[in-house]
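Some notes on the structure that comes next.
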Amino acid sequence: MGGHLGAPHFQMLTVTGLTKRFGGFTALNAVSFEVKEGEILGLIGPNGSGKTTLFNCVSGALTPSSGSIRFGAQELAGLTPDRICHLGIARTFQIPRPFRKLTILENVAVAAHFGAAQRSSEAEARRRALEILGLVGLATTPHAPTTLLGAGGLKKLELARALATGPRLLLADESLGGLDSSEMAGAADLLRRIRGELHITIVWVEHIMATLMRVVDRVVVLDHGEKIAEGKPREVAEDPKVVEAYLGEKVVLA
Amino acid sequence: MSAGRVGVGVLLAALVAAPFVPMGGMRQYIFHVLIQIFVWSFIGGAWALMGRFGLVSLGHGAFLGLGAYTTTLLWNFFGLTPWLGALVAVVLTAALAVIVAYPCSRFQVIGHYFGLVTLAVGEVVRLLIIAERDWTGGSLGLTVRPAGADSLVAVQFADKRVFYYAALVLWALGLWVWHRVDRSMARSAMEAIGEDETAAASVGIHVTRFKIAITVLSAVLTAVGGIAYAQYIAYVNPDTLAGIGVSLRIVFAVVLGGMYALLGPTVGTALTIALAEVLRVVFGITYVGMAETIYGLLLIVFIIFLPSGIYGSVRDLLRRRPRSQPAAPVTA
Ligand SMILES: Nc1ncnc2c1ncn2[C@@H]1O[C@H](COP(=O)(O)OP(=O)(O)O)[C@@H](O)[C@H]1O
Ligand SMILES: [Mg+2]
């Protein structure tokens, strides 16, 4: 796997006609797209367009109202989140949700231990957790409480915890949110390395597009729960429908 | 740390040697108090296995009662040795624990609602015991049928020292289980679940399975404690072994001592039992409710000012000092 320079790839995730309603409100309306193995797919859209809801459906935190989500040949709709994790999909949360009663290392180790498809020893989980903390740049204080971490650190911890489960597909929800520009560059670089070094396919949700556009291979744009555009970053950024969706927010474009 | 080790060693040696120390006329009484402390500390520790993860059960009397009554009834009516009776009781208790834990986990009954559900379960067991009075003796209770002489099969001994050592071993066993859970990755998983079920499930933790497992473990150990207590007192009563009263007394003691520390439940139980004894001696039986009233007030004070309990707070204080020296660098 790995190659991300064109060439047709195995379809890793296939979302077809995905709809999610909350009571009478339709948060996702018949959304279809696919993710190819080895790519970084950007999923963008204004606030409230349904990006996080889509992640919640794919990761099993929410049950779709209708539609299908296939991971390879496996249908995911209706599976529990822990099962989906074991199949090889990990997600981060837009607002970091660290386990506050655990140390930084324990946060990642518990994910490494219980998230893996095949359970290994507890020592092995800790070793793997340290390795991943090193990768995301959090290895200096593994035994510290998570309260020591700032916004950037918590975002890294989210990524570390997700990566520790050994995913083949990573769903990263606004990994740049709340970061300053140098931290943003670091986080974008990290996602690139996750794909390059760990060979993990990534769907990357971001509200602000500028940084994302320089990293992703393709973009899917959501607006009011519908897919309004899809394609190469450059084309999508110039698409009038996208510009209109982000009306008054043009600054967020590259 | 090593000073702590030495302290524990000295305490254990003293407890093992205690029966050989001359105590004059106080012997029976002191043993009685110590046995109660061991057994109820064990039960408190069993409760805290759940409580520390936010599964605050207000109905552990259900498991106590189920354990104690199953064993006693099987012995009294069928002559089944309490050793085997305990096995039956453990299976029944595990089943009850699953019946409570599974729906609570599936329908995300957590926090106060979990407390209320368990409170009701505790009461239901008490009321069932009272209702089945032909077997259980109803609210009058039931005496464990005497075997006539010391008997290992009946688990009846005239000499309190036997129960003293048995209770000591039980208590140590409880501490060992706690320690094992505390050191395991399962503790991390339970902490994660207690804080954020969605995030825990997202990293592959099977939330329902863990909640059921820890509830079953806690319930089964509680039942064993109830059985031990019934064998020692040789009498079971729905008010001392089931229902709200005893359920809350377990919670009081553990919260008082601290539910997050190994010895918290023991310290809390020792204090409440000592307090009850002092009040009984000072006020006599005219003020039976006095102990409960004082527990209640203490509990309120503790929850507000010392949420990790007496022992937990002291321990945290002692630990914080040496550890804070190498100031941890702040990571971005
Ligand atoms: N659990 C929920 N219950 C009700 N409405 C929700 C829920 N989750 C999201 N929504 C609504 O769905 C819409 C899409 O939200 P979200 O997926 O969080 O958007 P985004 O991540 O693109 O900003 C919003 O209007 C939000 O209020
Ligand atoms: Mg969002």
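Numbering starts fresh at 1 for the residues of each chain in the structure tokens, the chains themselves are lettered A, B, ... in the order given, and ligands are numbered from 1 as they appear.
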Any idea what's packed within 10 Å of Arg195 (chain A), counting only C-alpha atoms, ignoring anything in its chain fewer than 3 positions away? Could you give it as a PDB file with N, CA, C and O atoms, in the first residue's frame?
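Below you can see around_39.pdb, which holds the result:
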ATOM      1  N   GLY A   2       0.417   2.326   0.527  1.00  0.00           N
ATOM      2  CA  GLY A   2       1.252   3.499   0.711  1.00  0.00           C
ATOM      3  C   GLY A   2       1.112   4.515  -0.403  1.00  0.00           C
ATOM      4  O   GLY A   2       0.806   5.647  -0.145  1.00  0.00           O
ATOM      5  N   GLY A   3       1.322   4.102  -1.643  1.00  0.00           N
ATOM      6  CA  GLY A   3       1.359   5.059  -2.751  1.00  0.00           C
ATOM      7  C   GLY A   3       0.187   6.014  -2.729  1.00  0.00           C
ATOM      8  O   GLY A   3      -0.961   5.604  -2.633  1.00  0.00           O
ATOM      9  N   HIS A   4       0.473   7.306  -2.801  1.00  0.00           N
ATOM     10  CA  HIS A   4      -0.640   8.249  -2.785  1.00  0.00           C
ATOM     11  C   HIS A   4      -0.520   9.229  -3.943  1.00  0.00           C
ATOM     12  O   HIS A   4      -0.983  10.326  -3.910  1.00  0.00           O
ATOM     13  N   GLY A  38      -4.696   4.671   1.458  1.00  0.00           N
ATOM     14  CA  GLY A  38      -3.455   5.430   1.321  1.00  0.00           C
ATOM     15  C   GLY A  38      -3.637   6.915   1.105  1.00  0.00           C
ATOM     16  O   GLY A  38      -2.665   7.655   1.099  1.00  0.00           O
ATOM     17  N   GLU A  39      -4.865   7.389   0.955  1.00  0.00           N
ATOM     18  CA  GLU A  39      -5.018   8.825   0.706  1.00  0.00           C
ATOM     19  C   GLU A  39      -5.316   9.591   1.992  1.00  0.00           C
ATOM     20  O   GLU A  39      -5.646   9.011   3.029  1.00  0.00           O
ATOM     21  N   ILE A  40      -5.163  10.910   1.894  1.00  0.00           N
ATOM     22  CA  ILE A  40      -5.692  11.788   2.933  1.00  0.00           C
ATOM     23  C   ILE A  40      -6.847  12.536   2.303  1.00  0.00           C
ATOM     24  O   ILE A  40      -6.663  13.309   1.355  1.00  0.00           O
ATOM     25  N   ARG A 168      -6.279   1.224  10.544  1.00  0.00           N
ATOM     26  CA  ARG A 168      -5.894   1.341   9.137  1.00  0.00           C
ATOM     27  C   ARG A 168      -6.490   2.622   8.573  1.00  0.00           C
ATOM     28  O   ARG A 168      -6.054   3.138   7.569  1.00  0.00           O
ATOM     29  N   LEU A 169      -7.565   3.097   9.247  1.00  0.00           N
ATOM     30  CA  LEU A 169      -8.221   4.337   8.827  1.00  0.00           C
ATOM     31  C   LEU A 169      -8.358   5.246  10.043  1.00  0.00           C
ATOM     32  O   LEU A 169      -8.853   4.823  11.088  1.00  0.00           O
ATOM     33  N   LEU A 170      -7.889   6.481   9.902  1.00  0.00           N
ATOM     34  CA  LEU A 170      -7.968   7.450  10.999  1.00  0.00           C
ATOM     35  C   LEU A 170      -8.950   8.549  10.634  1.00  0.00           C
ATOM     36  O   LEU A 170      -8.864   9.139   9.554  1.00  0.00           O
ATOM     37  N   LEU A 190       2.335  16.323  11.155  1.00  0.00           N
ATOM     38  CA  LEU A 190       2.143  15.058  11.857  1.00  0.00           C
ATOM     39  C   LEU A 190       1.194  14.145  11.082  1.00  0.00           C
ATOM     40  O   LEU A 190       1.458  12.947  10.912  1.00  0.00           O
ATOM     41  N   LEU A 191       0.090  14.727  10.588  1.00  0.00           N
ATOM     42  CA  LEU A 191      -0.859  13.911   9.820  1.00  0.00           C
ATOM     43  C   LEU A 191      -0.188  13.341   8.577  1.00  0.00           C
ATOM     44  O   LEU A 191      -0.397  12.187   8.210  1.00  0.00           O
ATOM     45  N   ARG A 192       0.655  14.155   7.963  1.00  0.00           N
ATOM     46  CA  ARG A 192       1.367  13.693   6.773  1.00  0.00           C
ATOM     47  C   ARG A 192       2.268  12.510   7.132  1.00  0.00           C
ATOM     48  O   ARG A 192       2.364  11.528   6.410  1.00  0.00           O
ATOM     49  N   LEU A 198       3.243   5.398   9.008  1.00  0.00           N
ATOM     50  CA  LEU A 198       2.426   4.314   9.558  1.00  0.00           C
ATOM     51  C   LEU A 198       1.493   3.716   8.509  1.00  0.00           C
ATOM     52  O   LEU A 198       0.783   2.761   8.780  1.00  0.00           O
ATOM     53  N   HIS A 199       1.486   4.308   7.320  1.00  0.00           N
ATOM     54  CA  HIS A 199       0.621   3.827   6.233  1.00  0.00           C
ATOM     55  C   HIS A 199      -0.837   3.785   6.652  1.00  0.00           C
ATOM     56  O   HIS A 199      -1.528   2.789   6.434  1.00  0.00           O
ATOM     57  N   ILE A 200      -1.269   4.841   7.314  1.00  0.00           N
ATOM     58  CA  ILE A 200      -2.662   4.904   7.742  1.00  0.00           C
ATOM     59  C   ILE A 200      -3.416   5.869   6.828  1.00  0.00           C
ATOM     60  O   ILE A 200      -2.949   6.977   6.567  1.00  0.00           O
ATOM     61  N   THR A 201      -4.525   5.419   6.328  1.00  0.00           N
ATOM     62  CA  THR A 201      -5.396   6.262   5.507  1.00  0.00           C
ATOM     63  C   THR A 201      -6.107   7.243   6.435  1.00  0.00           C
ATOM     64  O   THR A 201      -6.449   6.893   7.564  1.00  0.00           O
ATOM     65  N   ILE A 202      -6.317   8.476   5.962  1.00  0.00           N
ATOM     66  CA  ILE A 202      -6.858   9.499   6.851  1.00  0.00           C
ATOM     67  C   ILE A 202      -8.042  10.225   6.223  1.00  0.00           C
ATOM     68  O   ILE A 202      -7.997  10.612   5.054  1.00  0.00           O
TER      69      ILE A 202
END
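Using only C-alpha atoms, the chain B residues found within 9 Å of chain A amount to B:Ser184, B:Met185, B:Ala186, B:Ser188, B:Ala189, B:Glu191, B:Ala192, B:Ile193, B:Glu195, B:Asp196, B:Thr198, B:Ala199, B:Ala200, B:Ala201, B:Ser202, B:Val203, B:Gly204, B:Ile205, B:His206, B:Val207, B:Ala328, B:Pro329, B:Val330, B:Thr331, B:Ala332.
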Go ahead and dump the residues you just picked, C-alpha atoms, as a PDB file, in the first residue's frame.
ATOM      1  CA  SER B 184      -4.134  -4.010  35.940  1.00  0.00           C
ATOM      2  CA  MET B 185      -4.998  -2.423  32.639  1.00  0.00           C
ATOM      3  CA  ALA B 186      -8.593  -3.189  33.582  1.00  0.00           C
ATOM      4  CA  SER B 188      -7.457   2.048  33.359  1.00  0.00           C
ATOM      5  CA  ALA B 189     -10.374   0.771  31.319  1.00  0.00           C
ATOM      6  CA  GLU B 191     -11.481   4.703  34.985  1.00  0.00           C
ATOM      7  CA  ALA B 192     -11.978   5.559  31.328  1.00  0.00           C
ATOM      8  CA  ILE B 193     -15.517   4.169  31.358  1.00  0.00           C
ATOM      9  CA  GLU B 195     -15.280   9.270  33.035  1.00  0.00           C
ATOM     10  CA  ASP B 196     -16.465   9.047  29.471  1.00  0.00           C
ATOM     11  CA  THR B 198     -18.213   7.298  24.491  1.00  0.00           C
ATOM     12  CA  ALA B 199     -14.497   7.982  24.447  1.00  0.00           C
ATOM     13  CA  ALA B 200     -13.785   4.644  26.169  1.00  0.00           C
ATOM     14  CA  ALA B 201     -15.782   2.722  23.577  1.00  0.00           C
ATOM     15  CA  SER B 202     -14.009   4.612  20.780  1.00  0.00           C
ATOM     16  CA  VAL B 203     -10.679   3.113  21.834  1.00  0.00           C
ATOM     17  CA  GLY B 204     -12.038  -0.415  21.766  1.00  0.00           C
ATOM     18  CA  ILE B 205     -13.170  -0.853  25.360  1.00  0.00           C
ATOM     19  CA  HIS B 206     -16.260  -3.049  25.646  1.00  0.00           C
ATOM     20  CA  VAL B 207     -18.130  -0.859  28.119  1.00  0.00           C
ATOM     21  CA  ALA B 328       7.576  18.336  35.939  1.00  0.00           C
ATOM     22  CA  PRO B 329       8.178  20.399  32.805  1.00  0.00           C
ATOM     23  CA  VAL B 330       5.000  21.515  31.119  1.00  0.00           C
ATOM     24  CA  THR B 331       4.449  19.993  27.722  1.00  0.00           C
ATOM     25  CA  ALA B 332       2.772  22.006  25.010  1.00  0.00           C
TER      26      ALA B 332
END
How would you write, as an mmCIF file with N, CA, C and O atoms, in the first residue's frame, the set of residues no farther than 8 Å from ligand 2 when counting only C-alpha atoms and all ligand atoms?
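Contents of result-v1.cif, freshly written:
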data_model
loop_
_atom_site.group_PDB
_atom_site.id
_atom_site.type_symbol
_atom_site.label_atom_id
_atom_site.label_comp_id
_atom_site.auth_asym_id
_atom_site.auth_seq_id
_atom_site.Cartn_x
_atom_site.Cartn_y
_atom_site.Cartn_z
ATOM 1 N N ASN A 47 -19.514 25.430 9.869
ATOM 2 C CA ASN A 47 -19.951 24.898 11.163
ATOM 3 C C ASN A 47 -21.377 24.378 11.074
ATOM 4 O O ASN A 47 -22.236 25.014 10.486
ATOM 5 N N GLY A 48 -21.620 23.226 11.647
ATOM 6 C CA GLY A 48 -22.967 22.667 11.667
ATOM 7 C C GLY A 48 -23.350 21.967 10.379
ATOM 8 O O GLY A 48 -24.513 21.602 10.192
ATOM 9 N N GLY A 50 -22.426 19.019 9.451
ATOM 10 C CA GLY A 50 -22.619 17.583 9.644
ATOM 11 C C GLY A 50 -21.338 16.760 9.637
ATOM 12 O O GLY A 50 -21.394 15.528 9.624
ATOM 13 N N LYS A 51 -20.193 17.410 9.709
ATOM 14 C CA LYS A 51 -18.916 16.692 9.630
ATOM 15 C C LYS A 51 -18.737 15.752 10.818
ATOM 16 O O LYS A 51 -18.413 14.571 10.659
ATOM 17 N N THR A 52 -18.927 16.299 12.021
ATOM 18 C CA THR A 52 -18.745 15.468 13.217
ATOM 19 C C THR A 52 -19.802 14.359 13.270
ATOM 20 O O THR A 52 -19.510 13.221 13.650
ATOM 21 N N THR A 53 -21.005 14.689 12.861
ATOM 22 C CA THR A 53 -22.068 13.681 12.830
ATOM 23 C C THR A 53 -21.672 12.525 11.919
ATOM 24 O O THR A 53 -21.906 11.346 12.238
ATOM 25 N N GLN A 94 -13.366 16.206 18.319
ATOM 26 C CA GLN A 94 -13.144 17.616 18.019
ATOM 27 C C GLN A 94 -12.755 18.374 19.277
ATOM 28 O O GLN A 94 -11.770 19.110 19.299
ATOM 29 N N ASP A 173 -10.829 14.677 13.683
ATOM 30 C CA ASP A 173 -11.832 15.747 13.715
ATOM 31 C C ASP A 173 -11.219 17.053 14.219
ATOM 32 O O ASP A 173 -10.951 17.208 15.404
ATOM 33 N N GLU A 174 -11.019 17.985 13.319
ATOM 34 C CA GLU A 174 -10.500 19.316 13.625
ATOM 35 C C GLU A 174 -9.261 19.256 14.520
ATOM 36 O O GLU A 174 -9.238 19.802 15.624
ATOM 37 N N VAL A 205 -11.179 16.067 8.968
ATOM 38 C CA VAL A 205 -12.209 17.099 9.023
ATOM 39 C C VAL A 205 -11.586 18.392 9.504
ATOM 40 O O VAL A 205 -10.812 18.409 10.462
ATOM 41 N N HIS A 207 -12.622 22.796 9.726
ATOM 42 C CA HIS A 207 -13.501 23.906 9.386
ATOM 43 C C HIS A 207 -12.693 24.933 8.593
ATOM 44 O O HIS A 207 -13.126 25.447 7.571
#
Return as a count of residues only every polymer residue, whether protein, DNA or RNA, with at least one atom no more than 12 Å from an atom of ligand 1; count only C-alpha atoms and all ligand atoms. 49
Pull the strand (DSSP E) assignments for region 2-248 of chain A out of DSSP run on the backbone, and list those residues as a ChimeraX atom specification. /A:11-22,25-36,40-44,66-71,74-75,89-91,169-173,201-206,218-223,226-231
Just to confirm, what's the straight-line distance from CA of Phe10 (chain A) to CA of Glu37 (chain A) in Å (one decimal)? 5.5 Å
Can you work out which one of B:Leu248, B:Ala48, B:Val254, B:Leu64 has the shortest atom-to-atom distance to Leu92 (chain B), counting only C-alpha atoms? B:Leu64
When you look at Asp182 (chain B) with a cut-off of 12 Å (counting only C-alpha atoms), what residues show up, excluding the ones that are within fewer than 6 positions of it in the same chain? I need them as a list in words. Ala48, Leu49, Met50, Arg52, Phe53, Leu175, Trp176, Ser188, Ala189, Met190, Glu191, Tyr260, Ala261 and Leu262 of chain B
Running DSSP on the backbone, which parts of region 20-140 of chain B land in alpha helix (DSSP H), as a ChimeraX atom specification? /B:27-51,61-78,82-106,112-131,133-136
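Minimum atom-to-atom distances from A:Val203, A:Leu159, A:Leu212, A:Val58 to Ala185 (chain A) were compared using only C-alpha atoms, and the lowest value belongs to A:Leu212.
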